[in-house]
>>> print(open('upload_39.tsv').read())   # TSV, C-alpha atoms and all ligand atoms
chain	number	residue	atom	x	y	z
O	1	MET	CA	38.86	-45.33	0.51
O	2	ILE	CA	35.17	-44.89	1.30
O	3	GLU	CA	34.77	-45.02	5.03
O	4	PHE	CA	31.59	-44.95	7.07
O	5	LYS	CA	32.46	-44.04	10.64
O	6	ASN	CA	29.66	-44.89	13.00
O	7	ALA	CA	27.28	-43.29	10.49
O	8	SER	CA	23.60	-42.94	11.35
O	9	LYS	CA	20.65	-41.38	9.56
O	10	THR	CA	17.34	-40.69	11.23
O	11	PHE	CA	14.34	-39.36	9.31
O	12	ARG	CA	11.73	-37.42	11.23
O	13	LEU	CA	8.18	-37.83	9.99
O	14	GLY	CA	6.16	-35.52	12.23
O	15	LYS	CA	6.49	-37.10	15.66
O	16	ARG	CA	7.74	-40.41	14.29
O	17	GLU	CA	11.43	-41.18	13.83
O	18	VAL	CA	12.78	-43.68	11.33
O	19	ASN	CA	16.30	-44.87	12.08
O	20	ALA	CA	17.18	-45.80	8.49
O	21	VAL	CA	20.93	-46.26	9.14
O	22	LYS	CA	22.24	-47.10	12.61
O	23	GLY	CA	25.91	-46.77	13.56
O	24	VAL	CA	27.41	-48.21	10.39
O	25	SER	CA	31.20	-48.53	10.29
O	26	LEU	CA	32.58	-49.90	7.03
O	27	ALA	CA	35.73	-49.39	4.99
O	28	ILE	CA	35.50	-49.97	1.24
O	29	GLU	CA	38.90	-50.34	-0.35
O	30	GLN	CA	39.97	-48.65	-3.55
O	31	GLY	CA	39.51	-50.90	-6.60
O	32	GLU	CA	37.15	-53.43	-5.04
O	33	ILE	CA	33.63	-54.38	-6.00
O	34	PHE	CA	31.71	-54.10	-2.76
O	35	GLY	CA	28.11	-55.24	-2.45
O	36	ILE	CA	25.55	-54.31	0.17
O	37	ILE	CA	22.63	-56.71	0.39
O	38	GLY	CA	19.48	-56.47	2.47
O	39	PHE	CA	15.74	-56.89	2.28
O	40	SER	CA	13.49	-53.97	1.40
O	41	GLY	CA	13.68	-51.23	4.03
O	42	ALA	CA	17.03	-52.40	5.43
O	43	GLY	CA	18.58	-48.98	4.81
O	44	LYS	CA	20.70	-49.73	1.73
O	45	SER	CA	19.60	-46.77	-0.41
O	46	THR	CA	19.97	-44.38	2.49
O	47	LEU	CA	23.50	-45.65	3.12
O	48	LEU	CA	24.36	-45.11	-0.57
O	49	ARG	CA	22.94	-41.62	-0.53
O	50	LEU	CA	25.26	-40.75	2.35
O	51	VAL	CA	28.26	-41.43	0.10
O	52	ASN	CA	27.67	-38.42	-2.11
O	53	LEU	CA	25.87	-36.44	0.58
O	54	LEU	CA	22.50	-36.64	-1.14
O	55	GLU	CA	21.64	-37.27	2.52
O	56	GLN	CA	23.54	-35.79	5.46
O	57	PRO	CA	24.33	-38.24	8.25
O	58	THR	CA	22.52	-37.43	11.51
O	59	SER	CA	25.65	-38.51	13.35
O	60	GLY	CA	28.99	-40.07	12.50
O	61	ALA	CA	30.97	-39.34	9.36
O	62	ILE	CA	31.63	-40.44	5.80
O	63	GLN	CA	35.16	-40.06	4.50
O	64	ILE	CA	36.37	-40.43	0.97
O	65	GLN	CA	40.14	-40.77	0.64
O	66	GLY	CA	40.42	-39.56	4.20
O	67	VAL	CA	38.36	-36.41	3.60
O	68	ASP	CA	35.26	-35.92	5.74
O	69	LEU	CA	32.53	-34.93	3.27
O	70	ALA	CA	30.72	-32.73	5.80
O	71	THR	CA	33.76	-30.46	6.09
O	72	LEU	CA	33.98	-29.73	2.36
O	73	PRO	CA	32.97	-26.31	1.05
O	74	LYS	CA	30.19	-26.45	-1.61
O	75	LYS	CA	32.58	-26.01	-4.54
O	76	GLU	CA	34.85	-28.84	-3.36
O	77	LEU	CA	31.83	-31.06	-2.74
O	78	ARG	CA	30.66	-30.45	-6.34
O	79	LYS	CA	34.11	-31.39	-7.58
O	80	LEU	CA	34.13	-34.54	-5.50
O	81	ARG	CA	30.65	-35.52	-6.70
O	82	ARG	CA	32.00	-35.57	-10.27
O	83	LYS	CA	34.36	-38.29	-9.11
O	84	ILE	CA	31.39	-40.41	-8.02
O	85	GLY	CA	29.25	-41.84	-10.82
O	86	MET	CA	25.84	-43.30	-10.09
O	87	ILE	CA	23.46	-45.64	-11.92
O	88	PHE	CA	19.89	-46.48	-10.99
O	89	GLN	CA	17.31	-49.26	-11.21
O	90	ASN	CA	15.06	-47.15	-13.47
O	91	PHE	CA	18.04	-45.74	-15.44
O	92	ASN	CA	17.03	-42.05	-14.94
O	93	LEU	CA	17.81	-41.08	-18.54
O	94	PHE	CA	16.62	-37.83	-20.13
O	95	SER	CA	13.90	-38.93	-22.53
O	96	SER	CA	14.22	-35.78	-24.63
O	97	ARG	CA	17.94	-36.31	-25.28
O	98	THR	CA	19.55	-38.85	-27.57
O	99	VAL	CA	21.89	-41.53	-26.24
O	100	ALA	CA	24.86	-39.30	-27.13
O	101	GLY	CA	23.08	-36.31	-25.55
O	102	ASN	CA	22.58	-38.20	-22.30
O	103	VAL	CA	26.23	-39.21	-22.11
O	104	ALA	CA	27.37	-35.69	-23.03
O	105	TYR	CA	25.23	-34.05	-20.35
O	106	PRO	CA	27.63	-34.25	-17.35
O	107	LEU	CA	30.49	-33.11	-19.59
O	108	LYS	CA	28.50	-30.05	-20.69
O	109	LEU	CA	27.78	-29.27	-17.04
O	110	ALA	CA	31.50	-29.50	-16.32
O	111	GLY	CA	32.16	-26.93	-19.08
O	112	ILE	CA	34.18	-29.25	-21.34
O	113	PRO	CA	34.70	-27.92	-24.91
O	114	LYS	CA	32.38	-29.39	-27.56
O	115	LYS	CA	35.08	-31.16	-29.60
O	116	GLU	CA	36.40	-32.89	-26.50
O	117	ILE	CA	32.85	-33.88	-25.49
O	118	ASN	CA	32.23	-35.50	-28.88
O	119	GLU	CA	35.44	-37.51	-28.66
O	120	ARG	CA	34.74	-38.62	-25.10
O	121	VAL	CA	31.13	-39.58	-25.92
O	122	SER	CA	32.17	-41.83	-28.80
O	123	GLU	CA	34.90	-43.39	-26.65
O	124	LEU	CA	32.33	-44.12	-23.90
O	125	LEU	CA	29.70	-45.47	-26.29
O	126	SER	CA	32.28	-47.80	-27.78
O	127	PHE	CA	33.27	-48.93	-24.24
O	128	VAL	CA	29.67	-49.88	-23.42
O	129	GLY	CA	28.98	-51.33	-26.89
O	130	LEU	CA	26.43	-48.78	-28.07
O	131	THR	CA	28.25	-46.92	-30.87
O	132	ASP	CA	25.43	-47.63	-33.32
O	133	LYS	CA	22.78	-46.21	-30.97
O	134	ALA	CA	24.30	-42.73	-30.53
O	135	ASN	CA	21.39	-40.95	-32.21
O	136	ASP	CA	18.56	-43.07	-30.78
O	137	TYR	CA	16.30	-41.85	-27.99
O	138	PRO	CA	15.93	-43.82	-24.72
O	139	GLU	CA	12.41	-45.01	-25.63
O	140	GLN	CA	13.90	-46.84	-28.62
O	141	LEU	CA	16.21	-48.89	-26.39
O	142	SER	CA	15.84	-52.12	-24.42
O	143	GLY	CA	16.32	-52.07	-20.63
O	144	GLY	CA	19.85	-53.42	-20.92
O	145	GLN	CA	20.76	-50.80	-23.53
O	146	LYS	CA	19.31	-48.06	-21.31
O	147	GLN	CA	21.47	-49.23	-18.43
O	148	ARG	CA	24.52	-49.18	-20.75
O	149	VAL	CA	23.72	-45.53	-21.49
O	150	GLY	CA	23.41	-44.95	-17.73
O	151	ILE	CA	26.85	-46.51	-17.22
O	152	ALA	CA	28.43	-44.50	-20.06
O	153	ARG	CA	26.94	-41.30	-18.60
O	154	ALA	CA	28.15	-42.17	-15.10
O	155	LEU	CA	31.67	-42.76	-16.47
O	156	ALA	CA	31.76	-39.52	-18.47
O	157	THR	CA	33.58	-37.47	-15.84
O	158	SER	CA	36.10	-40.29	-15.19
O	159	PRO	CA	34.92	-41.11	-11.67
O	160	ASP	CA	36.94	-43.05	-9.09
O	161	ILE	CA	33.79	-44.62	-7.68
O	162	LEU	CA	30.69	-46.02	-9.38
O	163	ILE	CA	27.63	-46.38	-7.18
O	164	CYS	CA	24.98	-48.81	-8.42
O	165	ASP	CA	21.52	-48.59	-6.88
O	166	GLU	CA	19.76	-51.89	-7.72
O	167	ALA	CA	21.17	-51.46	-11.25
O	168	THR	CA	20.01	-54.85	-12.53
O	169	SER	CA	16.76	-55.29	-10.58
O	170	ALA	CA	14.57	-54.27	-13.54
O	171	LEU	CA	16.37	-56.52	-16.03
O	172	ASP	CA	15.83	-60.11	-17.17
O	173	PRO	CA	18.46	-62.72	-16.15
O	174	ASP	CA	20.44	-62.68	-19.44
O	175	THR	CA	20.55	-58.89	-19.57
O	176	THR	CA	21.50	-58.83	-15.88
O	177	SER	CA	24.51	-61.04	-16.67
O	178	ASP	CA	25.55	-58.70	-19.52
O	179	ILE	CA	25.35	-55.63	-17.29
O	180	LEU	CA	27.23	-57.38	-14.46
O	181	ARG	CA	29.97	-58.30	-16.95
O	182	LEU	CA	30.14	-54.67	-18.02
O	183	LEU	CA	30.44	-53.54	-14.38
O	184	LYS	CA	33.29	-56.00	-13.93
O	185	LYS	CA	34.97	-54.52	-17.01
O	186	VAL	CA	34.53	-51.02	-15.55
O	187	ASN	CA	36.26	-52.22	-12.39
O	188	HIS	CA	39.05	-54.23	-14.05
O	189	GLU	CA	39.91	-52.01	-17.01
O	190	LEU	CA	39.34	-48.59	-15.48
O	191	GLY	CA	40.24	-49.43	-11.87
O	192	ILE	CA	36.99	-47.87	-10.64
O	193	THR	CA	35.72	-48.87	-7.20
O	194	VAL	CA	32.21	-50.25	-7.55
O	195	LEU	CA	29.78	-49.96	-4.65
O	196	LEU	CA	26.47	-51.64	-5.30
O	197	ILE	CA	23.30	-52.37	-3.42
O	198	THR	CA	20.99	-55.22	-4.24
O	199	HIS	CA	18.47	-57.60	-2.73
O	200	GLU	CA	19.66	-60.40	-5.03
O	201	MET	CA	22.36	-62.71	-3.73
O	202	HIS	CA	23.29	-63.92	-7.22
O	203	VAL	CA	24.46	-60.38	-8.06
O	204	ILE	CA	26.80	-60.48	-5.06
O	205	GLN	CA	27.89	-64.00	-5.96
O	206	SER	CA	28.73	-63.12	-9.55
O	207	ILE	CA	30.78	-59.96	-9.23
O	208	CYS	CA	31.53	-58.78	-5.70
O	209	ASP	CA	34.81	-59.14	-3.84
O	210	ARG	CA	33.25	-58.35	-0.46
O	211	VAL	CA	29.74	-58.06	0.88
O	212	ALA	CA	28.01	-56.39	3.80
O	213	VAL	CA	24.59	-57.62	4.90
O	214	MET	CA	22.21	-54.97	6.22
O	215	GLU	CA	19.17	-55.40	8.40
O	216	GLU	CA	17.10	-52.73	10.13
O	217	GLY	CA	19.70	-50.06	9.43
O	218	GLU	CA	22.64	-52.06	10.74
O	219	VAL	CA	25.44	-54.00	9.08
O	220	ILE	CA	25.02	-57.45	10.57
O	221	GLU	CA	27.78	-59.25	8.68
O	222	VAL	CA	30.67	-58.26	6.45
O	223	GLY	CA	33.36	-60.31	4.74
O	224	SER	CA	34.74	-61.67	1.50
O	225	VAL	CA	32.14	-63.26	-0.75
O	226	PHE	CA	33.94	-66.60	-0.42
O	227	ASP	CA	33.90	-66.55	3.40
O	228	THR	CA	30.33	-65.28	3.55
O	229	PHE	CA	29.07	-68.03	1.25
O	230	THR	CA	31.08	-70.82	2.80
O	231	ASN	CA	30.63	-69.79	6.42
O	232	PRO	CA	27.67	-67.44	6.90
O	233	LYS	CA	27.13	-66.44	10.52
O	234	HIS	CA	23.87	-64.51	10.77
O	235	PRO	CA	20.49	-66.18	10.07
O	236	THR	CA	19.61	-63.43	7.56
O	237	THR	CA	22.85	-64.04	5.65
O	238	LYS	CA	21.97	-67.74	5.62
O	239	ARG	CA	18.56	-66.90	4.17
O	240	PHE	CA	20.14	-64.89	1.38
O	241	ILE	CA	22.51	-67.72	0.57
O	242	LYS	CA	19.66	-70.21	0.52
O	243	SER	CA	18.07	-68.04	-2.18
O	244	VAL	CA	20.89	-68.97	-4.56
O	245	GLU	CA	22.17	-72.24	-3.11
O	246	ASN	CA	19.54	-74.77	-2.24
O	247	ASP	CA	21.47	-76.85	0.29
O	248	LEU	CA	18.73	-79.32	1.26
O	249	PRO	CA	16.87	-81.78	-0.93
O	250	SER	CA	13.11	-81.35	-1.29
O	251	ALA	CA	10.82	-83.11	1.20
O	252	LYS	CA	9.85	-85.54	-1.58
O	253	LEU	CA	13.47	-86.54	-2.27
O	254	LEU	CA	14.15	-86.93	1.44
O	255	ARG	CA	11.09	-89.17	1.80
O	256	GLU	CA	12.27	-91.36	-1.06
O	257	TRP	CA	15.73	-91.56	0.47
O	258	ARG	CA	14.22	-92.65	3.80
O	259	GLU	CA	12.02	-95.22	2.11
O	260	LYS	CA	15.17	-96.79	0.72
O	261	GLY	CA	16.49	-97.14	4.28
O	262	GLY	CA	18.39	-93.85	4.62
O	263	LYS	CA	18.77	-92.74	8.24
O	264	ARG	CA	21.61	-90.33	8.90
O	265	LEU	CA	22.75	-87.63	6.57
O	266	TYR	CA	26.00	-85.65	6.81
O	267	ARG	CA	26.93	-82.33	5.27
O	268	VAL	CA	30.50	-82.36	4.02
O	269	THR	CA	31.93	-79.03	2.90
O	270	PHE	CA	35.12	-78.66	0.91
O	271	LYS	CA	36.90	-75.34	0.46
O	272	GLY	CA	39.67	-74.54	-2.02
O	273	GLU	CA	42.29	-77.13	-3.10
O	274	ILE	CA	40.82	-79.98	-1.08
O	275	THR	CA	37.75	-79.95	-3.36
O	276	ASN	CA	39.87	-81.64	-6.05
O	277	ALA	CA	41.38	-84.29	-3.75
O	278	PRO	CA	39.87	-87.82	-3.58
O	279	VAL	CA	39.38	-87.50	0.19
O	280	LEU	CA	36.00	-89.20	0.40
O	281	SER	CA	36.90	-92.24	-1.66
O	282	GLN	CA	40.28	-92.72	0.05
O	283	ILE	CA	38.86	-92.60	3.57
O	284	THR	CA	35.79	-94.70	2.87
O	285	GLN	CA	37.97	-97.33	1.12
O	286	LYS	CA	40.36	-97.38	4.07
O	287	TYR	CA	37.51	-98.22	6.46
O	288	SER	CA	35.49	-100.35	4.01
O	289	VAL	CA	32.54	-98.00	4.15
O	290	ASP	CA	30.29	-97.06	1.23
O	291	PHE	CA	29.06	-93.58	0.63
O	292	ASN	CA	26.22	-92.14	-1.38
O	293	ILE	CA	25.93	-88.50	-2.45
O	294	VAL	CA	22.28	-87.61	-1.88
O	295	HIS	CA	22.40	-83.92	-2.81
O	296	GLY	CA	24.87	-81.08	-3.28
O	297	TYR	CA	26.92	-78.83	-5.50
O	298	ILE	CA	30.41	-77.63	-6.27
O	299	ARG	CA	30.80	-73.95	-7.12
O	300	GLU	CA	33.54	-71.61	-8.16
O	301	LEU	CA	33.50	-68.49	-5.98
O	302	GLN	CA	36.13	-65.80	-6.44
O	303	GLU	CA	38.25	-68.31	-8.38
O	304	ARG	CA	38.17	-70.84	-5.53
O	305	LEU	CA	36.18	-74.04	-5.37
O	306	PHE	CA	33.57	-74.71	-2.74
O	307	GLY	CA	31.73	-78.01	-2.41
O	308	ASN	CA	28.69	-78.70	-0.26
O	309	LEU	CA	27.58	-82.34	-0.37
O	310	LEU	CA	24.95	-84.27	1.59
O	311	ILE	CA	26.19	-87.79	2.05
O	312	SER	CA	24.91	-90.96	3.63
O	313	PHE	CA	27.33	-93.68	4.69
O	314	GLU	CA	26.69	-97.41	4.70
O	315	GLY	CA	28.58	-100.14	6.52
O	316	ASN	CA	29.62	-101.20	9.99
O	317	ALA	CA	28.72	-98.53	12.58
O	318	ASP	CA	32.21	-98.50	14.19
O	319	ALA	CA	33.86	-98.27	10.78
O	320	ILE	CA	31.60	-95.34	9.85
O	321	GLU	CA	32.52	-93.59	13.08
O	322	SER	CA	36.26	-94.06	12.47
O	323	ALA	CA	35.91	-92.86	8.88
O	324	MET	CA	33.98	-89.85	10.11
O	325	ILE	CA	36.67	-88.93	12.64
O	326	GLU	CA	39.35	-89.05	9.96
O	327	LEU	CA	37.18	-87.11	7.50
O	328	GLN	CA	36.51	-84.43	10.13
O	329	SER	CA	40.26	-83.88	10.50
O	330	ILE	CA	40.43	-82.84	6.83
O	331	VAL	CA	37.11	-81.24	5.86
O	332	ASP	CA	34.05	-79.85	7.66
O	333	VAL	CA	31.48	-82.52	8.45
O	334	GLU	CA	28.24	-82.08	10.37
O	335	GLU	CA	25.20	-84.25	10.76
O	336	VAL	CA	22.14	-82.73	9.14
O	337	GLU	CA	19.15	-82.33	11.45
O	338	LEU	CA	16.23	-83.97	9.69
O	339	ASP	CA	12.72	-83.47	10.91
O	340	ALA	CA	10.65	-86.54	11.54
O	341	GLY	CA	8.59	-86.15	8.32
G	1	LIG	N1	13.30	-39.54	2.87
G	1	LIG	C1	12.80	-40.38	3.77
G	1	LIG	N2	11.93	-39.97	4.71
G	1	LIG	C2	11.45	-40.81	5.63
G	1	LIG	N3	11.79	-42.10	5.72
G	1	LIG	C3	12.64	-42.58	4.83
G	1	LIG	C4	13.21	-41.76	3.79
G	1	LIG	N4	14.03	-42.51	3.04
G	1	LIG	C5	14.00	-43.77	3.57
G	1	LIG	N5	13.16	-43.81	4.63
G	1	LIG	C6	12.89	-44.99	5.49
G	1	LIG	O1	14.13	-45.51	5.91
G	1	LIG	C7	14.10	-46.94	5.93
G	1	LIG	C8	15.21	-47.48	5.03
G	1	LIG	O2	14.89	-47.16	3.68
G	1	LIG	P1	15.87	-47.44	2.47
G	1	LIG	O3	15.18	-46.98	1.22
G	1	LIG	O4	17.22	-46.90	2.75
G	1	LIG	O5	15.94	-49.03	2.49
G	1	LIG	P2	16.37	-50.03	1.34
G	1	LIG	O6	17.10	-51.13	2.01
G	1	LIG	O7	17.09	-49.29	0.28
G	1	LIG	O8	14.98	-50.56	0.82
G	1	LIG	P3	14.46	-50.69	-0.69
G	1	LIG	O9	15.25	-51.82	-1.28
G	1	LIG	O10	13.00	-51.02	-0.53
G	1	LIG	O11	14.71	-49.37	-1.34
G	1	LIG	C9	12.71	-47.34	5.48
G	1	LIG	O12	11.94	-47.56	6.62
G	1	LIG	C10	12.21	-46.11	4.74
G	1	LIG	O13	10.83	-46.02	4.79
>>> encode(input="upload_39.tsv", output="structure tokens")
Amino acid sequence: MIEFKNASKTFRLGKREVNAVKGVSLAIEQGEIFGIIGFSGAGKSTLLRLVNLLEQPTSGAIQIQGVDLATLPKKELRKLRRKIGMIFQNFNLFSSRTVAGNVAYPLKLAGIPKKEINERVSELLSFVGLTDKANDYPEQLSGGQKQRVGIARALATSPDILICDEATSALDPDTTSDILRLLKKVNHELGITVLLITHEMHVIQSICDRVAVMEEGEVIEVGSVFDTFTNPKHPTTKRFIKSVENDLPSAKLLREWREKGGKRLYRVTFKGEITNAPVLSQITQKYSVDFNIVHGYIRELQERLFGNLLISFEGNADAIESAMIELQSIVDVEEVELDAG
């Protein structure tokens, strides 16, 4: 539905060129929540700004529902922009307008009659849970409430797409969760495609269906959130995942484990149904081997389970090897490289 076709954007600063977006090809499907993650300067904001032509691509194209934005006459482009709502990290509300006034603004611009505007505004404020704040001014609101106004305003013209530019980065963790829940509701109940950028992996983990990882203007990895979390390919993706999933014990815990005689550690990963099966106990019993879970977690990602456990085995070396071979035929097992320390 939103398609980047080999899109690039180069900024010229005097003699210097900044290649903010380099040959990005991505297709974002209608109705999905798609996240773009990257460190500061990776090119995320620039990529977003190409979607509503706030920036023109230097080369390549951006298509929405098959229409190349660059070919649209001004009037058509204005019409299309109304179908793309946008929310921002710093909310961008009009401080001189009330909550209702902010939400009404895009409807006024679109020339909607006053009575209709009033009805739509109260419907939107009820949707975002701010009915009682209609006559307040932005400065009287908390950050989370301001973002709710931003969302109501972005939804006013019934967009097909909602673009979120670091929408939760200025909010505390609880408020972030509330806003992410609201974005999920926007997607589920209104069928709106949500395209968000963030530098926080937990945002991707909590609401996205798919994720693209950006670095130095390029998309270096793209896939479902489940696949990306359970099988990240690029080192940068791995770094992002480490920020939410600590998959190694601390040096202190490892030292204690070694002091108790621990030598070899294996990472066993379970995906989906198998997470609920007693695989470990059955196989270790069969070969009379003991096992000890040193570290790990089991998570629900996109309604599927994913387990990542660090395990040490005790018993006869041949029996451990046989158990390991059988285990490897069912789940992923790899020995963890431990530094000498
Ligand atoms: N209007 C501009 N003129 C010149 N350079 C720009 C402009 N906008 C962005 N850049 C440069 O393009 C690169 C990508 O910036 P961009 O803001 O898209 O990254 P980002 O991933 O969104 O980072 P952040 O999270 O810090 O906003 C950076 O090097 C930035 O300095």
>>> residues_near_ligand(input="upload_39.tsv", ligand="ligand LIG 1 (chain G)", cutoff="9 Å", atoms="only C-alpha atoms and all ligand atoms", output="number ranges by chain")
O: 9-13, 17-21, 37-49, 55, 165-166, 197-199, 214-217
>>> residues_around(input="upload_39.tsv", residues="Arg153 of chain O", least_positions_apart="6", cutoff="12 Å", atoms="all atoms listed in the file", output="VMD selection string")
chain O and resid 82 84 to 88 91 to 94 98 to 108 117 120 to 125 127 to 128 146 to 147 159 162
>>> residues_around(input="upload_39.tsv", residues="Met201 of chain O", least_positions_apart="4", cutoff="9 Å", atoms="only C-alpha atoms", output="compact mmCIF listing (two decimals) with C-alpha atoms, in the frame of the given file")
# COMPACT_ATOMS: atom_id res chain seq x y z
CA ILE O 37 22.63 -56.71 0.39
CA GLN O 205 27.89 -64.00 -5.96
CA SER O 206 28.73 -63.12 -9.55
CA PHE O 240 20.14 -64.89 1.38
CA ILE O 241 22.51 -67.72 0.57
CA SER O 243 18.07 -68.04 -2.18
CA VAL O 244 20.89 -68.97 -4.56
>>> atom_distance(input="upload_39.tsv", atom1="atom CA of Lys15 of chain O", atom2="atom CA of Leu54 of chain O")
23.2 Å
>>> atom_distance(input="upload_39.tsv", atom1="atom CA of Asn52 of chain O", atom2="atom CA of Leu69 of chain O")
8.0 Å
>>> atom_distance(input="upload_39.tsv", atom1="atom CA of Asn118 of chain O", atom2="atom CA of Tyr137 of chain O")
17.2 Å
>>> closest_residue(input="upload_39.tsv", among="O:Val336, O:Ile293, O:Ile112, O:Val211", to="Thr157 of chain O", atoms="only C-alpha atoms")
O:Ile112
>>> residues_around(input="upload_39.tsv", residues="Leu301 of chain O", least_positions_apart="3", cutoff="8 Å", atoms="all atoms listed in the file", output="JSON, numbers by chain")
{"O": [205, 225, 226, 304, 305, 306]}
>>> decode(input="upload_39.tsv", residues="segment 256-302 of chain O", atoms="C-alpha atoms", output="short mmCIF file (atom, residue, chain, number, x, y, z; two decimals), in the first residue's frame")
data_model
loop_
_atom_site.label_atom_id
_atom_site.label_comp_id
_atom_site.auth_asym_id
_atom_site.auth_seq_id
_atom_site.Cartn_x
_atom_site.Cartn_y
_atom_site.Cartn_z
CA GLU O 256 29.46 -17.65 40.60
CA TRP O 257 28.29 -20.32 38.20
CA ARG O 258 31.90 -21.16 37.30
CA GLU O 259 32.92 -21.25 40.94
CA LYS O 260 30.29 -23.94 41.44
CA GLY O 261 31.99 -26.00 38.71
CA GLY O 262 30.04 -24.80 35.66
CA LYS O 263 31.99 -25.23 32.42
CA ARG O 264 29.89 -25.34 29.27
CA LEU O 265 26.75 -23.37 28.69
CA TYR O 266 24.21 -23.94 25.91
CA ARG O 267 21.59 -21.60 24.51
CA VAL O 268 18.37 -23.45 23.80
CA THR O 269 15.71 -21.52 21.89
CA PHE O 270 12.11 -22.62 21.59
CA LYS O 271 9.68 -21.11 19.10
CA GLY O 272 5.90 -21.50 19.05
CA GLU O 273 4.14 -24.72 20.19
CA ILE O 274 7.32 -26.51 21.22
CA THR O 275 7.76 -23.99 24.06
CA ASN O 276 4.97 -25.78 25.95
CA ALA O 277 6.30 -29.30 25.37
CA PRO O 278 8.41 -31.07 28.05
CA VAL O 279 11.26 -31.59 25.56
CA LEU O 280 14.13 -30.86 27.95
CA SER O 281 12.95 -33.08 30.76
CA GLN O 282 12.03 -35.98 28.43
CA ILE O 283 15.38 -36.01 26.65
CA THR O 284 17.52 -35.51 29.73
CA GLN O 285 15.60 -38.30 31.53
CA LYS O 286 16.07 -40.61 28.56
CA TYR O 287 19.86 -40.18 28.73
CA SER O 288 20.09 -39.85 32.54
CA VAL O 289 21.50 -36.35 32.31
CA ASP O 290 20.69 -33.47 34.65
CA PHE O 291 20.12 -29.96 33.48
CA ASN O 292 20.20 -26.61 35.18
CA ILE O 293 18.63 -23.43 33.81
CA VAL O 294 21.21 -20.71 34.49
CA HIS O 295 19.45 -17.77 32.81
CA GLY O 296 16.68 -17.03 30.32
CA TYR O 297 13.15 -15.98 29.53
CA ILE O 298 9.96 -17.00 27.79
CA ARG O 299 8.09 -14.25 25.95
CA GLU O 300 4.89 -13.88 24.02
CA LEU O 301 5.55 -12.16 20.71
CA GLN O 302 2.73 -11.62 18.22
#
